[in-house]
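Contents: one structure, followed by commentary.
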Protein chains: 2
Amino acid sequence: MALITPSRRLRRTPFSDGVEAAGVTAYTVYNRMLLPTVFRSVEEDYRHLKEAVQVWDVSCERQVELRGPDAGRLMQMLTPRDLRGMLPGQCYYVPIVDETGGMLNDPVAVKLAEDRWWVSIADSDLLLWVKGIAFGYRLDVLVDEPDVSPLAVQGPRADDLMAAVFGDGVRDIRFFRFGMFDFMGRQMVVARSGYSKQGGFEIYLEGSDLGMPLWNALMEAGRTLDVRAGCPNGIERVEAGLLSYGNDMTDDNTPHECGLGRFCNTATAIGCVGRDALLRVAKEGPVQQIRAIEIDGRVPPCDRAWPVMAGTKRVGQVTSAANSPDFGCGVAIGMVRMTHWDDGTALRVETPAGPMDAVVREAFWL
Amino acid sequence: MALITPSRRLRRTPFSDGVEAAGVTAYTVYNRMLLPTVFRSVEEDYRHLKEAVQVWDVSCERQVELRGPDAGRLMQMLTPRDLRGMLPGQCYYVPIVDETGGMLNDPVAVKLAEDRWWVSIADSDLLLWVKGIAFGYRLDVLVDEPDVSPLAVQGPRADDLMAAVFGDGVRDIRFFRFGMFDFMGRQMVVARSGYSKQGGFEIYLEGSDLGMPLWNALMEAGRTLDVRAGCPNGIERVEAGLLSYGNDMTDDNTPHECGLGRFCNTATAIGCVGRDALLRVAKEGPVQQIRAIEIDGRVPPCDRAWPVMAGTKRVGQVTSAANSPDFGCGVAIGMVRMTHWDDGTALRVETPAGPMDAVVREAFWL
């Protein structure tokens, strides 16, 4: 692996001092911000995530704030998910599409109030699309990036750690709901959510000045819980089938291809700019779709799309892959054509390390 | 320095195989794509750039293509630079601003024809802003990212190398003009431009399949010229005062603050969405502006904004810095308030390595 050259453009976060002190060894760049990827090793971080509790600097989940009388209308323009039943206090995973139905992002929308939303974004400058639409339609709404930096607490002991810092009230937060909790006199959004299947929370730190105090409070309170600095884990997230925008999907793909049809209510999402373009695929289904793919053998790092072959015919591609200690195989996320996406279909994946046997699975591992 | 974790999301380029074979040692991420930053060492690469010729993989300068009857109108909406006199065959450096006059990007616009433009972008997803505006205004224009990857040839021997591959016609290309040249039967845009002050060209490779053939042809033809793989150099670009979006400016800044007032014709740029917001600053000038700052002593890597102080008062910030072998000092780019921006003003820069004496310069070093 090569080194990463520091610059202001690759933004530090309110927690960077803590991340560095904890011995981060590798990063990726996500929304032009540093996102840790490895502390001890990907395998050791994985084991610890599944057994204890970790604090993750996911400040790179930048927020796009929509505020004003037209905030709700604008939010519905962005997504084919019907938002009419959504209440303040809820988080929705929302595919965001352009006017052709292509995916621009797959964020979590946080409804703070009827006229105020945060969109917790994946890796694309969604702010620019939202600002462009708001301006073009002359909507009465402010759109900007607030000083909000999410910190995730993930792992089986997450409830205990969070309760130690925020009080037992956090235990009552339901999945994809949030509550307001006090930290050092400031109210913070605390949601039961996160980019792992090990359970946990995301704290939306508002105000960078409290970044290190919050980090330190969690580390201090978690001593007896074996808390460590961690990060989204490249093995666990593939086992869990957690998609990554830019890896597993791009603006070439519809939400239905990404297996996100269940988050689309295309018929009733009146106002969504991509609605018309998505009506047919919503009705008839996509011709290719995201699948769990089990690979026989040890996979190399997946830094590009790997062709998926049936004989001499290309029928898809793998876009994320890892070697799973718990399942003893290569685990992968790929897009496969309808003709070859059934559970148990034997395929061949062409990796830079050579061709490898693979099989389509009905579901992901976790 | 930490490592960078490979993933498909950090896109490879048509030249990545060549870059790796040439022994790249560090990268940054730019427009979600790998941009090499170091081959031998920043100092050794710097010396070689100034004495010979280098081939740079700057595919990360992604293109936003505007095509259709409203392409010209849309292009003018994006920038306060008056484009009426621009001819096909010309390249313009164009500040791009939002409706508040904040910088969204500082690309080079390439006018291919009256109804077809490429915008060769700095590090932000300008595509999303342009698509949003085009959609909101119902413009008759296609906006997308074509399969175009720029390859730069930079250094004092650039003309000789380019002539060896494309013919002597390239010698006649004037600064910021382009011509169409043949490579392996395909026409390519070749412009006299690039992100150094050493002279050279950018080849807009259209069609990834010819990436490695083009790379290899340049390396082969350049053997007697001591050609090497290179990249934008962190020292040379600061000496030259070449700004970097995300480092030296963000959407907080107007073009005038960035010293780009000479590229703005705010009064006559009818249609520019940021025109109204910029009229006052265009007339009265900004209260802070980009300046060359000479630092006394050896500067650490600049990975965050360094406060610039006059006594106990913060009067600006340094956002890019390097140690210049040729000028024997720390060279830096910063934003300084009007009260302290005059040539020769003594200031103090607060770096992570401690405070350092500094002085404002009238001009950059090259």
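By order of appearance in the structure tokens: chains A, B, ..., then residues from 1 within every chain, and ligands from 1 in the order shown.
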
List as a list in words the protein and nucleic acid residues near Ser324 of chain A, meaning an atom at most 10 Å away when only C-alpha atoms are counted, but skip any in the same chain fewer than 4 places from it.
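Listed by chain and then number, they are Glu43, Tyr46, Gly234, Ile235, Glu236, Val238, Glu239, Arg298, Val299, Gly328, Cys329, Gly330, Val331, Ala332 and Trp365 of chain A.
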
Using DSSP assignments from the backbone, pull out every residue in segment 173-271 of chain A that falls under helix (DSSP H, G or I) and give it to me as a list in words.
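Listing helix (DSSP H, G or I) positions across segment 173-271 of chain A yields Ser208, Asp209, Leu210, Gly211, Met212, Pro213, Leu214, Trp215, Asn216, Ala217, Leu218, Met219, Glu220, Ala221, Arg223, Thr224, Leu225, Glu236, Arg237, Val238, Glu239, Gly261, Arg262 and Phe263 of chain A.
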
Go ahead and write the selection's residues with N, CA and C atoms as a PDB file, in the first residue's frame.
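In the end it all went to selection-v1.pdb:
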ATOM      1  N   SER A 208     -17.693  21.638  16.888  1.00  0.00           N
ATOM      2  CA  SER A 208     -16.424  20.895  16.909  1.00  0.00           C
ATOM      3  C   SER A 208     -15.704  20.993  18.246  1.00  0.00           C
ATOM      4  N   ASP A 209     -15.944  22.075  18.982  1.00  0.00           N
ATOM      5  CA  ASP A 209     -15.202  22.294  20.228  1.00  0.00           C
ATOM      6  C   ASP A 209     -15.412  21.166  21.239  1.00  0.00           C
ATOM      7  N   LEU A 210     -16.543  20.473  21.168  1.00  0.00           N
ATOM      8  CA  LEU A 210     -16.773  19.382  22.119  1.00  0.00           C
ATOM      9  C   LEU A 210     -16.309  18.016  21.584  1.00  0.00           C
ATOM     10  N   GLY A 211     -15.603  18.021  20.464  1.00  0.00           N
ATOM     11  CA  GLY A 211     -15.179  16.756  19.867  1.00  0.00           C
ATOM     12  C   GLY A 211     -14.292  15.928  20.773  1.00  0.00           C
ATOM     13  N   MET A 212     -13.182  16.490  21.194  1.00  0.00           N
ATOM     14  CA  MET A 212     -12.266  15.721  22.033  1.00  0.00           C
ATOM     15  C   MET A 212     -12.819  15.451  23.430  1.00  0.00           C
ATOM     16  N   PRO A 213     -13.533  16.392  24.044  1.00  0.00           N
ATOM     17  CA  PRO A 213     -14.180  16.045  25.313  1.00  0.00           C
ATOM     18  C   PRO A 213     -15.126  14.844  25.184  1.00  0.00           C
ATOM     19  N   LEU A 214     -15.892  14.778  24.100  1.00  0.00           N
ATOM     20  CA  LEU A 214     -16.796  13.646  23.906  1.00  0.00           C
ATOM     21  C   LEU A 214     -16.009  12.355  23.681  1.00  0.00           C
ATOM     22  N   TRP A 215     -15.006  12.436  22.816  1.00  0.00           N
ATOM     23  CA  TRP A 215     -14.136  11.274  22.558  1.00  0.00           C
ATOM     24  C   TRP A 215     -13.530  10.760  23.864  1.00  0.00           C
ATOM     25  N   ASN A 216     -12.977  11.675  24.644  1.00  0.00           N
ATOM     26  CA  ASN A 216     -12.304  11.280  25.885  1.00  0.00           C
ATOM     27  C   ASN A 216     -13.290  10.716  26.909  1.00  0.00           C
ATOM     28  N   ALA A 217     -14.477  11.290  26.954  1.00  0.00           N
ATOM     29  CA  ALA A 217     -15.484  10.797  27.903  1.00  0.00           C
ATOM     30  C   ALA A 217     -15.865   9.351  27.584  1.00  0.00           C
ATOM     31  N   LEU A 218     -15.993   9.044  26.298  1.00  0.00           N
ATOM     32  CA  LEU A 218     -16.347   7.679  25.902  1.00  0.00           C
ATOM     33  C   LEU A 218     -15.196   6.713  26.204  1.00  0.00           C
ATOM     34  N   MET A 219     -13.986   7.149  25.929  1.00  0.00           N
ATOM     35  CA  MET A 219     -12.825   6.282  26.176  1.00  0.00           C
ATOM     36  C   MET A 219     -12.662   6.023  27.677  1.00  0.00           C
ATOM     37  N   GLU A 220     -12.885   7.060  28.463  1.00  0.00           N
ATOM     38  CA  GLU A 220     -12.746   6.947  29.917  1.00  0.00           C
ATOM     39  C   GLU A 220     -13.827   6.022  30.487  1.00  0.00           C
ATOM     40  N   ALA A 221     -15.064   6.267  30.049  1.00  0.00           N
ATOM     41  CA  ALA A 221     -16.185   5.476  30.577  1.00  0.00           C
ATOM     42  C   ALA A 221     -16.126   4.022  30.127  1.00  0.00           C
ATOM     43  N   ARG A 223     -13.441   2.025  29.827  1.00  0.00           N
ATOM     44  CA  ARG A 223     -12.250   1.240  30.207  1.00  0.00           C
ATOM     45  C   ARG A 223     -12.572  -0.187  30.597  1.00  0.00           C
ATOM     46  N   THR A 224     -13.590  -0.363  31.411  1.00  0.00           N
ATOM     47  CA  THR A 224     -13.922  -1.713  31.869  1.00  0.00           C
ATOM     48  C   THR A 224     -14.642  -2.512  30.788  1.00  0.00           C
ATOM     49  N   LEU A 225     -15.030  -1.831  29.718  1.00  0.00           N
ATOM     50  CA  LEU A 225     -15.737  -2.519  28.621  1.00  0.00           C
ATOM     51  C   LEU A 225     -14.781  -2.861  27.478  1.00  0.00           C
ATOM     52  N   GLU A 236     -16.443  -6.867   8.084  1.00  0.00           N
ATOM     53  CA  GLU A 236     -17.777  -6.950   8.700  1.00  0.00           C
ATOM     54  C   GLU A 236     -18.844  -6.323   7.828  1.00  0.00           C
ATOM     55  N   ARG A 237     -18.514  -5.215   7.169  1.00  0.00           N
ATOM     56  CA  ARG A 237     -19.560  -4.533   6.403  1.00  0.00           C
ATOM     57  C   ARG A 237     -19.929  -5.316   5.137  1.00  0.00           C
ATOM     58  N   VAL A 238     -18.972  -6.079   4.600  1.00  0.00           N
ATOM     59  CA  VAL A 238     -19.297  -6.910   3.436  1.00  0.00           C
ATOM     60  C   VAL A 238     -20.088  -8.141   3.890  1.00  0.00           C
ATOM     61  N   GLU A 239     -19.689  -8.773   4.977  1.00  0.00           N
ATOM     62  CA  GLU A 239     -20.490  -9.870   5.543  1.00  0.00           C
ATOM     63  C   GLU A 239     -21.934  -9.435   5.744  1.00  0.00           C
ATOM     64  N   GLY A 261     -35.180  -1.392  -3.649  1.00  0.00           N
ATOM     65  CA  GLY A 261     -36.566  -1.221  -4.067  1.00  0.00           C
ATOM     66  C   GLY A 261     -37.515  -1.095  -2.881  1.00  0.00           C
ATOM     67  N   ARG A 262     -37.179  -1.768  -1.775  1.00  0.00           N
ATOM     68  CA  ARG A 262     -38.064  -1.710  -0.602  1.00  0.00           C
ATOM     69  C   ARG A 262     -38.070  -0.334   0.054  1.00  0.00           C
ATOM     70  N   PHE A 263     -37.100   0.510  -0.312  1.00  0.00           N
ATOM     71  CA  PHE A 263     -37.081   1.887   0.211  1.00  0.00           C
ATOM     72  C   PHE A 263     -37.671   2.880  -0.802  1.00  0.00           C
TER      73      PHE A 263
END

What are the closest atom pairs, with distances in Å to one decimal, for all residues of chain A lying within 8 Å of chain B? Consider only C-alpha atoms, order rows by chain and residue number, and present the result as a tab-separated table.
residue	atom	partner	partner_atom	distance
A:Met1	CA	B:Leu3	CA	6.4
A:Ala2	CA	B:Ala26	CA	5.1
A:Leu3	CA	B:Leu3	CA	4.3
A:Ile4	CA	B:Tyr27	CA	5.2
A:Thr5	CA	B:Thr28	CA	5.6
A:Pro6	CA	B:Asp303	CA	5.2
A:Ser7	CA	B:Asp303	CA	4.0
A:Arg8	CA	B:Asp303	CA	4.4
A:Arg9	CA	B:Gly246	CA	4.5
A:Leu10	CA	B:Asp303	CA	7.7
A:Arg11	CA	B:Arg304	CA	7.4
A:Arg12	CA	B:Arg304	CA	7.2
A:Val24	CA	B:Ala2	CA	7.5
A:Thr25	CA	B:Ala2	CA	5.3
A:Ala26	CA	B:Leu3	CA	4.4
A:Tyr27	CA	B:Ile4	CA	5.2
A:Thr28	CA	B:Thr5	CA	5.6
A:Val29	CA	B:Val29	CA	6.6
A:Arg32	CA	B:Val29	CA	7.9
A:Thr37	CA	B:Thr5	CA	6.9
A:Glu99	CA	B:Phe135	CA	7.8
A:Ser124	CA	B:Asp125	CA	7.0
A:Asp125	CA	B:Asp125	CA	5.6
A:Leu126	CA	B:Leu128	CA	7.3
A:Leu128	CA	B:Trp129	CA	4.7
A:Trp129	CA	B:Leu128	CA	4.7
A:Val130	CA	B:Gly132	CA	7.3
A:Lys131	CA	B:Trp129	CA	7.2
A:Gly132	CA	B:Gly132	CA	4.2
A:Ile133	CA	B:Gly132	CA	4.9
A:Ala134	CA	B:Gly136	CA	7.9
A:Phe135	CA	B:Ile133	CA	7.3
A:Gly136	CA	B:Gly136	CA	3.9
A:Tyr137	CA	B:Gly136	CA	5.4
A:Tyr245	CA	B:Arg9	CA	7.6
A:Gly246	CA	B:Arg9	CA	4.5
A:Asn247	CA	B:Arg9	CA	4.7
A:Pro301	CA	B:Pro6	CA	6.9
A:Cys302	CA	B:Ser7	CA	5.8
A:Asp303	CA	B:Ser7	CA	4.0
A:Arg304	CA	B:Arg8	CA	4.4
A:Ala305	CA	B:Arg8	CA	6.6
A:Thr319	CA	B:Arg8	CA	6.6
A:Ser320	CA	B:Arg8	CA	7.6

Just to be explicit: take each residue in the selection above, keep N, CA and C atoms, and write the result as a compact mmCIF listing (two decimals), in the first residue's frame.
# COMPACT_ATOMS: atom_id res chain seq x y z
N MET A 1 0.84 -1.20 0.00
CA MET A 1 0.00 0.00 0.00
C MET A 1 0.87 1.25 0.00
N ALA A 2 0.40 2.28 -0.68
CA ALA A 2 1.10 3.55 -0.71
C ALA A 2 0.69 4.41 0.48
N LEU A 3 1.41 5.50 0.66
CA LEU A 3 1.11 6.45 1.73
C LEU A 3 0.07 7.46 1.26
N ILE A 4 -0.53 8.14 2.23
CA ILE A 4 -1.46 9.22 1.91
C ILE A 4 -0.79 10.53 2.31
N THR A 5 -0.78 11.47 1.38
CA THR A 5 -0.12 12.76 1.63
C THR A 5 -1.08 13.71 2.34
N PRO A 6 -0.69 14.25 3.49
CA PRO A 6 -1.58 15.16 4.21
C PRO A 6 -1.75 16.49 3.50
N SER A 7 -2.93 17.05 3.59
CA SER A 7 -3.18 18.41 3.10
C SER A 7 -4.46 18.88 3.76
N ARG A 8 -4.67 20.19 3.77
CA ARG A 8 -5.89 20.71 4.37
C ARG A 8 -7.13 20.21 3.63
N ARG A 9 -6.98 19.99 2.32
CA ARG A 9 -8.09 19.55 1.48
C ARG A 9 -8.67 18.22 1.95
N LEU A 10 -7.82 17.33 2.45
CA LEU A 10 -8.28 16.10 3.08
C LEU A 10 -8.55 16.43 4.54
N ARG A 11 -9.74 16.87 4.80
CA ARG A 11 -10.07 17.53 6.07
C ARG A 11 -9.89 16.65 7.29
N ARG A 12 -9.27 17.23 8.32
CA ARG A 12 -9.25 16.61 9.63
C ARG A 12 -10.64 16.76 10.27
N VAL A 24 -3.99 5.10 14.67
CA VAL A 24 -4.51 4.78 13.34
C VAL A 24 -3.36 4.46 12.39
N THR A 25 -3.52 3.45 11.54
CA THR A 25 -2.44 3.09 10.61
C THR A 25 -2.80 3.31 9.15
N ALA A 26 -4.10 3.44 8.86
CA ALA A 26 -4.50 3.68 7.46
C ALA A 26 -5.81 4.44 7.42
N TYR A 27 -5.95 5.17 6.32
CA TYR A 27 -7.15 5.98 6.08
C TYR A 27 -7.71 5.69 4.69
N THR A 28 -8.96 6.08 4.52
CA THR A 28 -9.46 6.36 3.21
C THR A 28 -9.89 7.83 3.23
N VAL A 29 -10.31 8.35 2.09
CA VAL A 29 -10.83 9.71 2.02
C VAL A 29 -12.29 9.60 1.62
N ARG A 32 -14.05 14.11 1.05
CA ARG A 32 -12.89 15.00 1.20
C ARG A 32 -12.48 15.15 2.67
N THR A 37 -9.37 3.61 8.52
CA THR A 37 -9.75 2.28 8.02
C THR A 37 -9.11 1.15 8.81
N GLU A 99 -32.71 12.98 -12.11
CA GLU A 99 -33.91 12.96 -12.94
C GLU A 99 -33.98 11.73 -13.85
N SER A 124 -20.51 11.54 -1.80
CA SER A 124 -20.63 12.42 -2.96
C SER A 124 -21.09 13.78 -2.45
N ASP A 125 -20.76 14.84 -3.18
CA ASP A 125 -21.11 16.19 -2.73
C ASP A 125 -22.58 16.47 -2.95
N LEU A 126 -23.41 15.76 -2.20
CA LEU A 126 -24.85 15.90 -2.35
C LEU A 126 -25.30 17.34 -2.13
N LEU A 128 -24.18 19.97 -3.32
CA LEU A 128 -24.23 20.74 -4.56
C LEU A 128 -25.49 20.44 -5.36
N TRP A 129 -25.91 19.18 -5.38
CA TRP A 129 -27.16 18.81 -6.06
C TRP A 129 -28.35 19.47 -5.37
N VAL A 130 -28.38 19.39 -4.06
CA VAL A 130 -29.52 19.93 -3.31
C VAL A 130 -29.59 21.45 -3.46
N LYS A 131 -28.44 22.11 -3.39
CA LYS A 131 -28.40 23.56 -3.59
C LYS A 131 -28.85 23.93 -5.01
N GLY A 132 -28.41 23.16 -5.98
CA GLY A 132 -28.77 23.43 -7.37
C GLY A 132 -30.27 23.31 -7.59
N ILE A 133 -30.87 22.26 -7.03
CA ILE A 133 -32.32 22.06 -7.17
C ILE A 133 -33.07 23.17 -6.44
N ALA A 134 -32.65 23.46 -5.22
CA ALA A 134 -33.32 24.50 -4.42
C ALA A 134 -33.28 25.84 -5.14
N PHE A 135 -32.12 26.14 -5.73
CA PHE A 135 -31.97 27.41 -6.43
C PHE A 135 -32.79 27.42 -7.72
N GLY A 136 -32.69 26.34 -8.48
CA GLY A 136 -33.40 26.27 -9.75
C GLY A 136 -34.92 26.36 -9.58
N TYR A 137 -35.43 25.79 -8.50
CA TYR A 137 -36.87 25.81 -8.25
C TYR A 137 -37.29 26.98 -7.36
N TYR A 245 -21.61 3.56 -1.29
CA TYR A 245 -21.77 4.36 -2.50
C TYR A 245 -20.39 4.67 -3.09
N GLY A 246 -20.24 4.46 -4.39
CA GLY A 246 -18.94 4.65 -5.03
C GLY A 246 -18.23 3.33 -5.19
N ASN A 247 -18.46 2.41 -4.25
CA ASN A 247 -17.96 1.05 -4.42
C ASN A 247 -19.02 0.19 -5.12
N PRO A 301 -6.97 -7.43 -2.29
CA PRO A 301 -7.72 -6.19 -2.06
C PRO A 301 -8.53 -5.83 -3.30
N CYS A 302 -9.76 -5.41 -3.10
CA CYS A 302 -10.65 -5.10 -4.23
C CYS A 302 -10.61 -3.60 -4.51
N ASP A 303 -9.74 -3.20 -5.44
CA ASP A 303 -9.58 -1.78 -5.73
C ASP A 303 -10.17 -1.39 -7.07
N ARG A 304 -10.90 -2.33 -7.69
CA ARG A 304 -11.55 -2.02 -8.97
C ARG A 304 -12.65 -3.07 -9.17
N ALA A 305 -13.54 -2.83 -10.11
CA ALA A 305 -14.60 -3.81 -10.37
C ALA A 305 -13.99 -5.07 -10.98
N THR A 319 -17.64 -5.65 -6.54
CA THR A 319 -17.13 -4.31 -6.26
C THR A 319 -16.60 -4.15 -4.84
N SER A 320 -16.89 -5.11 -3.96
CA SER A 320 -16.30 -5.12 -2.62
C SER A 320 -16.04 -6.57 -2.26

Residues flagged strand (DSSP E or B) by DSSP in segment 95-233 of chain A, as a ChimeraX atom specification
/A:96-97,103-105,108-113,116-120,142-144,148-154,175,177-183,186-192,200-206,227-230

Of the candidates A:Ala158, A:Leu66, A:Ala322, A:Met103, which shows the shortest atom-to-atom distance to Gly241 of chain A, using only C-alpha atoms?
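Looking at the shortest contact to Gly241 of chain A, the residue is A:Ala322.
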
Residue with smallest distance to Glu202 of chain B - pool B:Arg116, B:Arg177, B:Arg361, B:Arg228, counting only C-alpha atoms
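Between B:Arg116, B:Arg177, B:Arg361, B:Arg228, the residue approaching Glu202 of chain B most closely is B:Arg177.
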
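Atom CA of Ala163 of chain B is found 19.1 Å from atom CA of Asp57 of chain B.
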
Which of these, A:Gly199, A:Glu257, A:Val108, A:Leu366, has the shortest distance to Gly316 of chain A once you count only C-alpha atoms?
A:Glu257

Rounded to one decimal place, report the atom CA of Gly18 of chain A-atom CA of Gly354 of chain B distance in Å.
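Result for atom CA of Gly18 of chain A versus atom CA of Gly354 of chain B: 20.1 Å, one decimal.
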
Option closest in space to Thr13 of chain A, from A:Arg192, A:Lys197, A:Arg40, A:Arg62 [counting only C-alpha atoms]
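Residue with the minimum atom-to-atom distance to Thr13 of chain A: A:Arg62.
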
Atom CA of Ala191 of chain B to atom CA of Gly167 of chain B, straight-line distance in Å:
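Between these atoms lies a distance of 14.1 Å.
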
Spatial neighbours of Arg67 of chain B, 8 Å, only C-alpha atoms, chain gap at least 3 places, as a PyMOL selection string
chain B and resi 70-71+115-117+141-143

Could you save those same residues with N, CA and C atoms as a tab-separated table (two decimals), in the first residue's frame?
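Dumped to part04.tsv:
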chain	number	residue	atom	x	y	z
B	70	ASP	N	-28.37	24.89	-25.14
B	70	ASP	CA	-28.23	25.80	-24.00
B	70	ASP	C	-26.88	25.68	-23.30
B	71	ALA	N	-25.92	24.99	-23.89
B	71	ALA	CA	-24.64	24.76	-23.23
B	71	ALA	C	-23.94	26.09	-22.90
B	115	ASP	N	-21.71	24.71	-28.98
B	115	ASP	CA	-22.68	23.97	-28.17
B	115	ASP	C	-22.05	22.79	-27.40
B	116	ARG	N	-20.73	22.86	-27.21
B	116	ARG	CA	-20.09	21.75	-26.50
B	116	ARG	C	-18.88	22.25	-25.72
B	117	TRP	N	-18.89	22.00	-24.41
B	117	TRP	CA	-17.83	22.44	-23.51
B	117	TRP	C	-17.39	21.29	-22.62
B	141	VAL	N	-29.90	20.91	-22.47
B	141	VAL	CA	-28.48	20.61	-22.45
B	141	VAL	C	-28.26	19.26	-21.75
B	142	LEU	N	-27.31	18.49	-22.27
B	142	LEU	CA	-26.91	17.25	-21.59
B	142	LEU	C	-25.69	17.55	-20.74
B	143	VAL	N	-25.69	17.07	-19.52
B	143	VAL	CA	-24.58	17.29	-18.60
B	143	VAL	C	-24.13	15.93	-18.08
